[in-house]
$ cat upload36.pdb   # PDB, C-alpha atoms
ATOM      1  CA  MET A   1       0.000   0.000   0.000
ATOM      2  CA  TYR A   2       2.897   2.328   0.744
ATOM      3  CA  LYS A   3       4.223   1.650  -2.774
ATOM      4  CA  VAL A   4       0.831   2.492  -4.244
ATOM      5  CA  LEU A   5       0.798   5.877  -2.535
ATOM      6  CA  GLU A   6       4.368   6.567  -3.566
ATOM      7  CA  ASP A   7       3.748   5.617  -7.198
ATOM      8  CA  ARG A   8       0.497   7.445  -7.560
ATOM      9  CA  TYR A   9       1.271  10.547  -5.572
ATOM     10  CA  LEU A  10       4.953  11.282  -5.866
ATOM     11  CA  SER A  11       6.142   9.706  -9.094
ATOM     12  CA  GLU A  12       3.527  10.622 -11.706
ATOM     13  CA  ASP A  13       5.348  12.525 -14.423
ATOM     14  CA  LYS A  14       2.089  13.429 -16.144
ATOM     15  CA  LEU A  15       0.686  15.003 -13.022
ATOM     16  CA  LEU A  16       3.834  17.043 -12.485
ATOM     17  CA  SER A  17       3.784  18.150 -16.122
ATOM     18  CA  TYR A  18       0.235  19.450 -15.664
ATOM     19  CA  ILE A  19       1.345  21.423 -12.610
ATOM     20  CA  THR A  20       4.269  22.795 -14.601
ATOM     21  CA  SER A  21       1.878  24.083 -17.249
ATOM     22  CA  GLY A  22      -0.697  25.265 -14.708
ATOM     23  CA  ASP A  23      -3.332  23.019 -16.310
ATOM     24  CA  ILE A  24      -5.657  22.613 -13.350
ATOM     25  CA  ASN A  25      -8.384  20.744 -15.251
ATOM     26  CA  ARG A  26      -6.060  18.019 -16.514
ATOM     27  CA  ALA A  27      -4.304  17.782 -13.158
ATOM     28  CA  GLN A  28      -7.583  17.337 -11.318
ATOM     29  CA  ASN A  29      -8.936  14.856 -13.857
ATOM     30  CA  TYR A  30      -5.723  12.854 -13.686
ATOM     31  CA  PHE A  31      -5.750  12.855  -9.920
ATOM     32  CA  GLU A  32      -9.363  11.652  -9.889
ATOM     33  CA  LYS A  33      -8.283   8.602 -11.906
ATOM     34  CA  TYR A  34      -5.665   7.750  -9.301
ATOM     35  CA  PRO A  35      -7.046   9.189  -6.057
ATOM     36  CA  VAL A  36      -4.943   9.064  -2.927
ATOM     37  CA  LYS A  37      -7.143   8.102   0.020
ATOM     38  CA  ILE A  38      -4.970   8.806   3.015
ATOM     39  CA  ILE A  39      -7.781   7.817   5.340
ATOM     40  CA  GLU A  40      -7.325   4.226   4.116
ATOM     41  CA  PHE A  41      -3.887   4.187   5.698
ATOM     42  CA  SER A  42      -5.290   4.763   9.183
ATOM     43  CA  ASN A  43      -5.983   1.029   9.476
ATOM     44  CA  SER A  44      -2.627  -0.018   8.064
ATOM     45  CA  SER A  45       0.783  -0.388   9.625
ATOM     46  CA  HIS A  46       1.854   3.042   8.408
ATOM     47  CA  SER A  47       2.220   5.774  10.958
ATOM     48  CA  ILE A  48       0.875   9.265  10.470
ATOM     49  CA  MET A  49       4.462  10.510  10.443
ATOM     50  CA  GLU A  50       5.243   8.335   7.401
ATOM     51  CA  ILE A  51       2.270   9.787   5.552
ATOM     52  CA  LYS A  52       3.285  13.314   6.531
ATOM     53  CA  ASN A  53       6.768  12.685   5.182
ATOM     54  CA  LEU A  54       5.282  11.574   1.862
ATOM     55  CA  LEU A  55       3.134  14.680   1.722
ATOM     56  CA  LEU A  56       6.166  16.835   2.452
ATOM     57  CA  SER A  57       7.984  15.095  -0.397
ATOM     58  CA  GLY A  58       5.012  15.795  -2.621
ATOM     59  CA  ASN A  59       5.129  19.435  -1.562
ATOM     60  CA  THR A  60       8.747  19.575  -2.695
ATOM     61  CA  LEU A  61       7.965  17.950  -6.051
ATOM     62  CA  PHE A  62       5.030  20.236  -6.705
ATOM     63  CA  ARG A  63       7.132  23.279  -5.825
ATOM     64  CA  LYS A  64       9.801  22.183  -8.287
ATOM     65  CA  ALA A  65       7.178  21.560 -10.984
ATOM     66  CA  SER A  66       5.826  25.096 -10.530
ATOM     67  CA  HIS A  67       9.348  26.496 -10.562
ATOM     68  CA  ILE A  68      10.018  24.765 -13.885
ATOM     69  CA  GLY A  69       6.784  26.365 -15.062
ATOM     70  CA  GLY A  70       8.295  29.774 -14.428
ATOM     71  CA  VAL A  71       6.886  30.807 -11.051
ATOM     72  CA  PRO A  72       9.266  33.190  -9.224
ATOM     73  CA  PRO A  73      10.824  31.595  -6.092
ATOM     74  CA  ILE A  74       9.359  34.192  -3.735
ATOM     75  CA  TYR A  75       5.820  32.972  -4.438
ATOM     76  CA  LEU A  76       6.815  29.307  -4.338
ATOM     77  CA  ASP A  77       8.459  29.740  -0.963
ATOM     78  CA  GLU A  78       5.309  31.283   0.494
ATOM     79  CA  LEU A  79       3.034  28.469  -0.707
ATOM     80  CA  SER A  80       5.515  25.739   0.167
ATOM     81  CA  ARG A  81       5.867  27.050   3.737
ATOM     82  CA  LYS A  82       2.112  27.204   4.088
ATOM     83  CA  TRP A  83       1.705  23.552   3.120
ATOM     84  CA  ALA A  84       4.619  22.413   5.255
ATOM     85  CA  LYS A  85       2.995  24.019   8.312
ATOM     86  CA  LYS A  86      -0.418  22.549   7.522
ATOM     87  CA  ILE A  87       1.058  19.081   7.124
ATOM     88  CA  GLU A  88       3.116  19.404  10.282
ATOM     89  CA  HIS A  89       0.161  20.538  12.409
ATOM     90  CA  ALA A  90      -2.379  18.020  11.087
ATOM     91  CA  ALA A  91      -3.430  15.743  13.937
ATOM     92  CA  SER A  92      -5.068  12.827  12.128
ATOM     93  CA  PHE A  93      -5.303  10.815   8.928
ATOM     94  CA  GLU A  94      -8.719  12.400   8.383
ATOM     95  CA  ALA A  95      -7.233  15.890   8.511
ATOM     96  CA  LEU A  96      -4.617  14.918   5.924
ATOM     97  CA  ASP A  97      -7.024  13.189   3.541
ATOM     98  CA  SER A  98      -7.893  16.227   1.413
ATOM     99  CA  PHE A  99      -4.344  17.579   1.276
ATOM    100  CA  PRO A 100      -3.138  15.895  -1.966
ATOM    101  CA  TYR A 101      -6.025  17.291  -4.028
ATOM    102  CA  GLU A 102      -5.786  20.727  -2.429
ATOM    103  CA  MET A 103      -2.014  20.882  -2.886
ATOM    104  CA  ILE A 104      -2.270  19.999  -6.572
ATOM    105  CA  ARG A 105      -4.940  22.648  -7.077
ATOM    106  CA  SER A 106      -3.003  25.358  -5.232
ATOM    107  CA  TYR A 107       0.228  24.767  -7.165
ATOM    108  CA  CYS A 108      -1.624  24.702 -10.494
ATOM    109  CA  LEU A 109      -3.321  27.987  -9.653
ATOM    110  CA  LEU A 110      -0.010  29.512  -8.612
ATOM    111  CA  THR A 111       1.635  28.449 -11.852
ATOM    112  CA  LYS A 112      -1.252  29.757 -13.914
ATOM    113  CA  LYS A 113      -1.198  33.076 -12.082
ATOM    114  CA  TYR A 114       2.505  33.830 -11.873
ATOM    115  CA  SER A 115       4.365  31.875 -14.523
ATOM    116  CA  LEU A 116       5.605  33.919 -17.438
ATOM    117  CA  PRO A 117       6.814  31.273 -19.913
ATOM    118  CA  GLN A 118       6.219  33.428 -22.988
ATOM    119  CA  LEU A 119       8.406  36.268 -21.755
ATOM    120  CA  SER A 120      12.097  36.882 -22.204
ATOM    121  CA  TYR A 121      14.337  36.618 -19.174
ATOM    122  CA  THR A 122      14.711  40.412 -19.111
ATOM    123  CA  VAL A 123      10.996  41.148 -19.021
ATOM    124  CA  LYS A 124      10.451  38.390 -16.442
ATOM    125  CA  GLU A 125      13.021  40.137 -14.253
ATOM    126  CA  ALA A 126      11.245  43.452 -14.691
ATOM    127  CA  VAL A 127       7.826  41.978 -13.900
ATOM    128  CA  THR A 128       9.107  40.155 -10.819
ATOM    129  CA  PHE A 129      10.862  43.294  -9.549
ATOM    130  CA  ILE A 130       7.672  45.312  -9.992
ATOM    131  CA  ASN A 131       5.499  42.683  -8.309
ATOM    132  CA  LEU A 132       7.778  42.566  -5.270
ATOM    133  CA  ASN A 133       8.166  46.321  -4.913
ATOM    134  CA  LEU A 134       4.680  47.717  -5.448
ATOM    135  CA  SER A 135       4.856  49.691  -2.197
ATOM    136  CA  SER A 136       7.892  51.681  -3.347
ATOM    137  CA  ASN A 137       8.063  54.638  -5.699
ATOM    138  CA  LEU A 138       8.320  52.675  -8.922
ATOM    139  CA  THR A 139       9.371  54.477 -12.078
ATOM    140  CA  VAL A 140      10.541  53.309 -15.474
ATOM    141  CA  LYS A 141      14.004  54.588 -14.614
ATOM    142  CA  LYS A 142      14.090  52.664 -11.345
ATOM    143  CA  VAL A 143      12.964  49.416 -12.962
ATOM    144  CA  SER A 144      15.357  49.744 -15.893
ATOM    145  CA  SER A 145      18.251  50.536 -13.533
ATOM    146  CA  LYS A 146      17.530  47.351 -11.590
ATOM    147  CA  ILE A 147      17.488  45.314 -14.798
ATOM    148  CA  GLY A 148      20.587  47.012 -16.190
ATOM    149  CA  LEU A 149      19.020  48.368 -19.378
ATOM    150  CA  SER A 150      18.268  51.815 -20.690
ATOM    151  CA  PRO A 151      14.732  53.075 -19.973
ATOM    152  CA  ASP A 152      13.949  53.419 -23.672
ATOM    153  CA  TYR A 153      15.067  49.890 -24.560
ATOM    154  CA  LEU A 154      13.239  48.276 -21.635
ATOM    155  CA  THR A 155      10.110  50.291 -22.428
ATOM    156  CA  ARG A 156      10.059  49.006 -26.020
ATOM    157  CA  LEU A 157      10.776  45.417 -24.985
ATOM    158  CA  PHE A 158       8.193  45.466 -22.197
ATOM    159  CA  LYS A 159       5.475  46.900 -24.464
ATOM    160  CA  LYS A 160       6.235  44.326 -27.165
ATOM    161  CA  GLU A 161       5.985  41.328 -24.826
ATOM    162  CA  MET A 162       3.377  42.511 -22.303
ATOM    163  CA  GLY A 163       1.123  44.477 -24.633
ATOM    164  CA  MET A 164       1.175  47.491 -22.319
ATOM    165  CA  ASN A 165       3.704  50.001 -21.055
ATOM    166  CA  ILE A 166       5.469  49.665 -17.717
ATOM    167  CA  ILE A 167       3.467  52.300 -15.838
ATOM    168  CA  THR A 168       0.176  50.788 -17.002
ATOM    169  CA  TYR A 169       1.315  47.387 -15.745
ATOM    170  CA  ILE A 170       2.426  48.843 -12.396
ATOM    171  CA  ASN A 171      -0.954  50.518 -11.898
ATOM    172  CA  LYS A 172      -2.871  47.362 -12.854
ATOM    173  CA  LYS A 173      -0.875  45.279 -10.381
ATOM    174  CA  ARG A 174      -1.427  47.858  -7.661
ATOM    175  CA  ILE A 175      -5.177  47.783  -8.178
ATOM    176  CA  GLU A 176      -5.208  43.954  -8.342
ATOM    177  CA  THR A 177      -3.364  43.874  -5.016
ATOM    178  CA  SER A 178      -5.690  46.443  -3.474
ATOM    179  CA  LEU A 179      -8.716  44.335  -4.486
ATOM    180  CA  GLU A 180      -7.283  41.382  -2.606
ATOM    181  CA  LEU A 181      -6.434  43.489   0.453
ATOM    182  CA  LEU A 182      -9.917  44.973   0.508
ATOM    183  CA  LYS A 183     -11.337  41.444   0.523
ATOM    184  CA  VAL A 184      -9.136  39.774   3.117
ATOM    185  CA  THR A 185      -8.043  42.527   5.534
ATOM    186  CA  ASP A 186      -9.594  45.198   7.741
ATOM    187  CA  LEU A 187      -6.965  47.756   6.764
ATOM    188  CA  SER A 188      -8.223  51.235   6.038
ATOM    189  CA  ILE A 189      -8.265  52.405   2.439
ATOM    190  CA  ALA A 190      -5.454  54.837   3.222
ATOM    191  CA  GLU A 191      -3.364  52.015   4.719
ATOM    192  CA  ILE A 192      -3.965  49.866   1.647
ATOM    193  CA  GLY A 193      -2.932  52.772  -0.541
ATOM    194  CA  ASP A 194       0.358  53.023   1.361
ATOM    195  CA  LEU A 195       0.995  49.297   0.962
ATOM    196  CA  ILE A 196       0.595  49.446  -2.811
ATOM    197  CA  GLY A 197       2.591  52.625  -3.304
ATOM    198  CA  LEU A 198      -0.400  54.948  -3.759
ATOM    199  CA  ASN A 199      -0.224  57.108  -0.640
ATOM    200  CA  ASN A 200      -2.119  59.899  -2.386
ATOM    201  CA  THR A 201      -5.639  58.785  -1.464
ATOM    202  CA  SER A 202      -7.289  60.939  -4.106
ATOM    203  CA  TYR A 203      -5.132  59.422  -6.843
ATOM    204  CA  PHE A 204      -5.757  55.924  -5.442
ATOM    205  CA  TYR A 205      -9.521  56.501  -5.711
ATOM    206  CA  THR A 206      -9.191  57.864  -9.248
ATOM    207  CA  LEU A 207      -7.044  54.976 -10.450
ATOM    208  CA  PHE A 208      -9.202  52.377  -8.687
ATOM    209  CA  LYS A 209     -12.395  53.699 -10.264
ATOM    210  CA  LYS A 210     -10.759  53.854 -13.678
ATOM    211  CA  GLU A 211      -9.768  50.173 -13.438
ATOM    212  CA  THR A 212     -12.854  48.758 -11.715
ATOM    213  CA  GLY A 213     -15.692  51.196 -12.358
ATOM    214  CA  THR A 214     -16.277  51.688  -8.636
ATOM    215  CA  SER A 215     -14.536  53.222  -5.636
ATOM    216  CA  PRO A 216     -12.537  51.253  -3.018
ATOM    217  CA  LYS A 217     -15.199  52.009  -0.396
ATOM    218  CA  GLN A 218     -18.036  50.885  -2.657
ATOM    219  CA  TYR A 219     -16.155  47.733  -3.565
ATOM    220  CA  ARG A 220     -15.570  46.817   0.080
ATOM    221  CA  ASN A 221     -19.199  47.535   0.963
ATOM    222  CA  SER A 222     -20.373  45.301  -1.888
ATOM    223  CA  ILE A 223     -18.323  42.428  -0.441
ATOM    224  CA  LEU A 224     -19.699  42.916   3.053
ATOM    225  CA  SER A 225     -23.325  43.248   1.967
TER     226      SER A 225
END

$ encode --input "upload36.pdb" --output "structure tokens"
Amino acid sequence: MYKVLEDRYLSEDKLLSYITSGDINRAQNYFEKYPVKIIEFSNSSHSIMEIKNLLLSGNTLFRKASHIGGVPPIYLDELSRKWAKKIEHAASFEALDSFPYEMIRSYCLLTKKYSLPQLSYTVKEAVTFINLNLSSNLTVKKVSSKIGLSPDYLTRLFKKEMGMNIITYINKKRIETSLELLKVTDLSIAEIGDLIGLNNTSYFYTLFKKETGTSPKQYRNSILS
């Protein structure tokens, strides 16, 4: 039975390839063909620690698959730590039973969201730098200096590969981040503006409404209602 779990859960190249491409539908369908029922191991000779170790190994494999798919390490580290803690703190086979499916889904979603396989290394660097520094005063000059290119050359390259200029991308990412913060935190709108590098509240409101068609306050109220 241990070999079955190992073969089905840790050593399926197809499953890992689906995670690498962020193909959540194929990954889920494949997993449903070979489901891992951890609860079945509660009546076997395997200890919960052995199952946790296998899940931790799976976490490592899934992280590597997402990394191959182009996800920046900073995001992989966050998700990997989350799963390691959940596995470590699980108290029973029942608690662990849903983990394989949930882990596969979370890594597929991460790959789909953050991987940039179609981009050149230079533009990937620029995008990653922007994503990790939204709270700072980002300018084309600052981004290009970090990448080691002239502002004009990076601007042309970025527009060609991303379909938008650098400032437009920065503003879109800031608003995307603010939407998430409005949903999952109780931070004030001014505090959220500071976190995304828009400490001018009036400008934050203007940009938010331009991107979403509503104000930050209206958006938060719509979630709470």

$ resolve_selection --input "upload36.pdb" --expression "the PyMOL selection byres ((chain A and resi 213-219) around 10)" --output "list in words"
Ile175, Ser178, Leu179, Leu182, Lys183, Ser188, Ile189, Ile192, Phe204, Tyr205, Thr206, Leu207, Phe208, Lys209, Lys210, Glu211, Thr212, Arg220, Asn221, Ser222, Ile223 and Leu224 of chain A

$ write_last_selection --input "upload36.pdb" --atoms "C-alpha atoms" --output "mmCIF file, in the frame of the given file"
data_model
loop_
_atom_site.group_PDB
_atom_site.id
_atom_site.type_symbol
_atom_site.label_atom_id
_atom_site.label_comp_id
_atom_site.auth_asym_id
_atom_site.auth_seq_id
_atom_site.Cartn_x
_atom_site.Cartn_y
_atom_site.Cartn_z
ATOM 1 C CA ILE A 175 -5.177 47.783 -8.178
ATOM 2 C CA SER A 178 -5.690 46.443 -3.474
ATOM 3 C CA LEU A 179 -8.716 44.335 -4.486
ATOM 4 C CA LEU A 182 -9.917 44.973 0.508
ATOM 5 C CA LYS A 183 -11.337 41.444 0.523
ATOM 6 C CA SER A 188 -8.223 51.235 6.038
ATOM 7 C CA ILE A 189 -8.265 52.405 2.439
ATOM 8 C CA ILE A 192 -3.965 49.866 1.647
ATOM 9 C CA PHE A 204 -5.757 55.924 -5.442
ATOM 10 C CA TYR A 205 -9.521 56.501 -5.711
ATOM 11 C CA THR A 206 -9.191 57.864 -9.248
ATOM 12 C CA LEU A 207 -7.044 54.976 -10.450
ATOM 13 C CA PHE A 208 -9.202 52.377 -8.687
ATOM 14 C CA LYS A 209 -12.395 53.699 -10.264
ATOM 15 C CA LYS A 210 -10.759 53.854 -13.678
ATOM 16 C CA GLU A 211 -9.768 50.173 -13.438
ATOM 17 C CA THR A 212 -12.854 48.758 -11.715
ATOM 18 C CA ARG A 220 -15.570 46.817 0.080
ATOM 19 C CA ASN A 221 -19.199 47.535 0.963
ATOM 20 C CA SER A 222 -20.373 45.301 -1.888
ATOM 21 C CA ILE A 223 -18.323 42.428 -0.441
ATOM 22 C CA LEU A 224 -19.699 42.916 3.053
#

$ closest_atom_pairs --input "upload36.pdb" --of "segment 37-139 of chain A" --to "segment 143-150 of chain A" --cutoff "12 Å" --atoms "only C-alpha atoms" --output "CSV"
residue,atom,partner,partner_atom,distance
A:Tyr121,CA,A:Ile147,CA,10.2
A:Thr122,CA,A:Ile147,CA,7.1
A:Val123,CA,A:Ile147,CA,8.8
A:Lys124,CA,A:Ile147,CA,10.0
A:Glu125,CA,A:Ile147,CA,6.9
A:Ala126,CA,A:Val143,CA,6.4
A:Val127,CA,A:Val143,CA,9.1
A:Thr128,CA,A:Val143,CA,10.3
A:Phe129,CA,A:Val143,CA,7.3
A:Ile130,CA,A:Val143,CA,7.3
A:Asn131,CA,A:Val143,CA,11.1
A:Leu132,CA,A:Val143,CA,11.5
A:Asn133,CA,A:Val143,CA,9.9
A:Leu134,CA,A:Val143,CA,11.3
A:Ser136,CA,A:Val143,CA,11.1
A:Asn137,CA,A:Val143,CA,10.2
A:Leu138,CA,A:Val143,CA,7.0
A:Thr139,CA,A:Val143,CA,6.3

$ closest_residue --input "upload36.pdb" --among "A:Lys37, A:Glu78, A:Pro72, A:Lys142" --to "Leu96 of chain A" --atoms "all atoms listed in the file"
A:Lys37

$ resolve_selection --input "upload36.pdb" --expression "the PyMOL selection byres ((chain A and resi 196) around 6)" --output "mmCIF file with C-alpha atoms, in the frame of the given file"
data_model
loop_
_atom_site.group_PDB
_atom_site.id
_atom_site.type_symbol
_atom_site.label_atom_id
_atom_site.label_comp_id
_atom_site.auth_asym_id
_atom_site.auth_seq_id
_atom_site.Cartn_x
_atom_site.Cartn_y
_atom_site.Cartn_z
ATOM 1 C CA LEU A 134 4.680 47.717 -5.448
ATOM 2 C CA SER A 135 4.856 49.691 -2.197
ATOM 3 C CA ARG A 174 -1.427 47.858 -7.661
ATOM 4 C CA GLY A 193 -2.932 52.772 -0.541
ATOM 5 C CA ASP A 194 0.358 53.023 1.361
ATOM 6 C CA LEU A 195 0.995 49.297 0.962
ATOM 7 C CA GLY A 197 2.591 52.625 -3.304
ATOM 8 C CA LEU A 198 -0.400 54.948 -3.759
#

$ atom_distance --input "upload36.pdb" --atom1 "atom CA of Phe99 of chain A" --atom2 "atom CA of Thr185 of chain A"
25.6 Å

$ atom_distance --input "upload36.pdb" --atom1 "atom CA of His46 of chain A" --atom2 "atom CA of Ser66 of chain A"
29.3 Å

$ decode --input "upload36.pdb" --residues "segment 54-76 of chain A" --atoms "N, CA and C atoms" --output "short mmCIF file (atom, residue, chain, number, x, y, z; two decimals), in the first residue's frame"
data_model
loop_
_atom_site.label_atom_id
_atom_site.label_comp_id
_atom_site.auth_asym_id
_atom_site.auth_seq_id
_atom_site.Cartn_x
_atom_site.Cartn_y
_atom_site.Cartn_z
N LEU A 54 5.60 11.69 3.28
CA LEU A 54 5.28 11.57 1.86
C LEU A 54 4.64 12.85 1.33
N LEU A 55 3.77 13.43 2.13
CA LEU A 55 3.13 14.68 1.72
C LEU A 55 4.15 15.81 1.62
N LEU A 56 5.10 15.83 2.52
CA LEU A 56 6.17 16.83 2.45
C LEU A 56 7.02 16.64 1.20
N SER A 57 7.25 15.38 0.84
CA SER A 57 7.98 15.09 -0.40
C SER A 57 7.18 15.56 -1.60
N GLY A 58 5.87 15.32 -1.55
CA GLY A 58 5.01 15.79 -2.62
C GLY A 58 5.04 17.31 -2.72
N ASN A 59 5.04 17.98 -1.59
CA ASN A 59 5.13 19.43 -1.56
C ASN A 59 6.39 19.92 -2.27
N THR A 60 7.48 19.22 -2.04
CA THR A 60 8.75 19.58 -2.70
C THR A 60 8.67 19.37 -4.21
N LEU A 61 8.10 18.24 -4.62
CA LEU A 61 7.97 17.95 -6.05
C LEU A 61 7.06 18.96 -6.74
N PHE A 62 5.96 19.29 -6.10
CA PHE A 62 5.03 20.24 -6.71
C PHE A 62 5.66 21.62 -6.81
N ARG A 63 6.44 21.99 -5.79
CA ARG A 63 7.13 23.28 -5.83
C ARG A 63 8.11 23.32 -6.99
N LYS A 64 8.84 22.23 -7.18
CA LYS A 64 9.80 22.18 -8.29
C LYS A 64 9.09 22.23 -9.63
N ALA A 65 7.94 21.56 -9.73
CA ALA A 65 7.18 21.56 -10.98
C ALA A 65 6.72 22.97 -11.32
N SER A 66 6.25 23.71 -10.31
CA SER A 66 5.83 25.10 -10.53
C SER A 66 7.01 25.99 -10.88
N HIS A 67 8.15 25.71 -10.26
CA HIS A 67 9.35 26.50 -10.56
C HIS A 67 9.76 26.30 -12.01
N ILE A 68 9.71 25.05 -12.48
CA ILE A 68 10.02 24.76 -13.89
C ILE A 68 9.04 25.51 -14.79
N GLY A 69 7.79 25.65 -14.29
CA GLY A 69 6.78 26.37 -15.06
C GLY A 69 6.99 27.87 -15.11
N GLY A 70 7.96 28.36 -14.35
CA GLY A 70 8.30 29.77 -14.43
C GLY A 70 7.84 30.63 -13.28
N VAL A 71 7.34 30.01 -12.20
CA VAL A 71 6.89 30.81 -11.05
C VAL A 71 8.10 31.34 -10.28
N PRO A 72 8.14 32.63 -9.99
CA PRO A 72 9.27 33.19 -9.22
C PRO A 72 9.38 32.53 -7.85
N PRO A 73 10.60 32.29 -7.37
CA PRO A 73 10.82 31.59 -6.09
C PRO A 73 10.13 32.22 -4.90
N ILE A 74 9.97 33.53 -4.88
CA ILE A 74 9.36 34.19 -3.74
C ILE A 74 7.94 33.70 -3.50
N TYR A 75 7.19 33.45 -4.57
CA TYR A 75 5.82 32.97 -4.44
C TYR A 75 5.80 31.49 -4.09
N LEU A 76 6.73 30.74 -4.65
CA LEU A 76 6.82 29.31 -4.34
C LEU A 76 7.16 29.09 -2.87
#
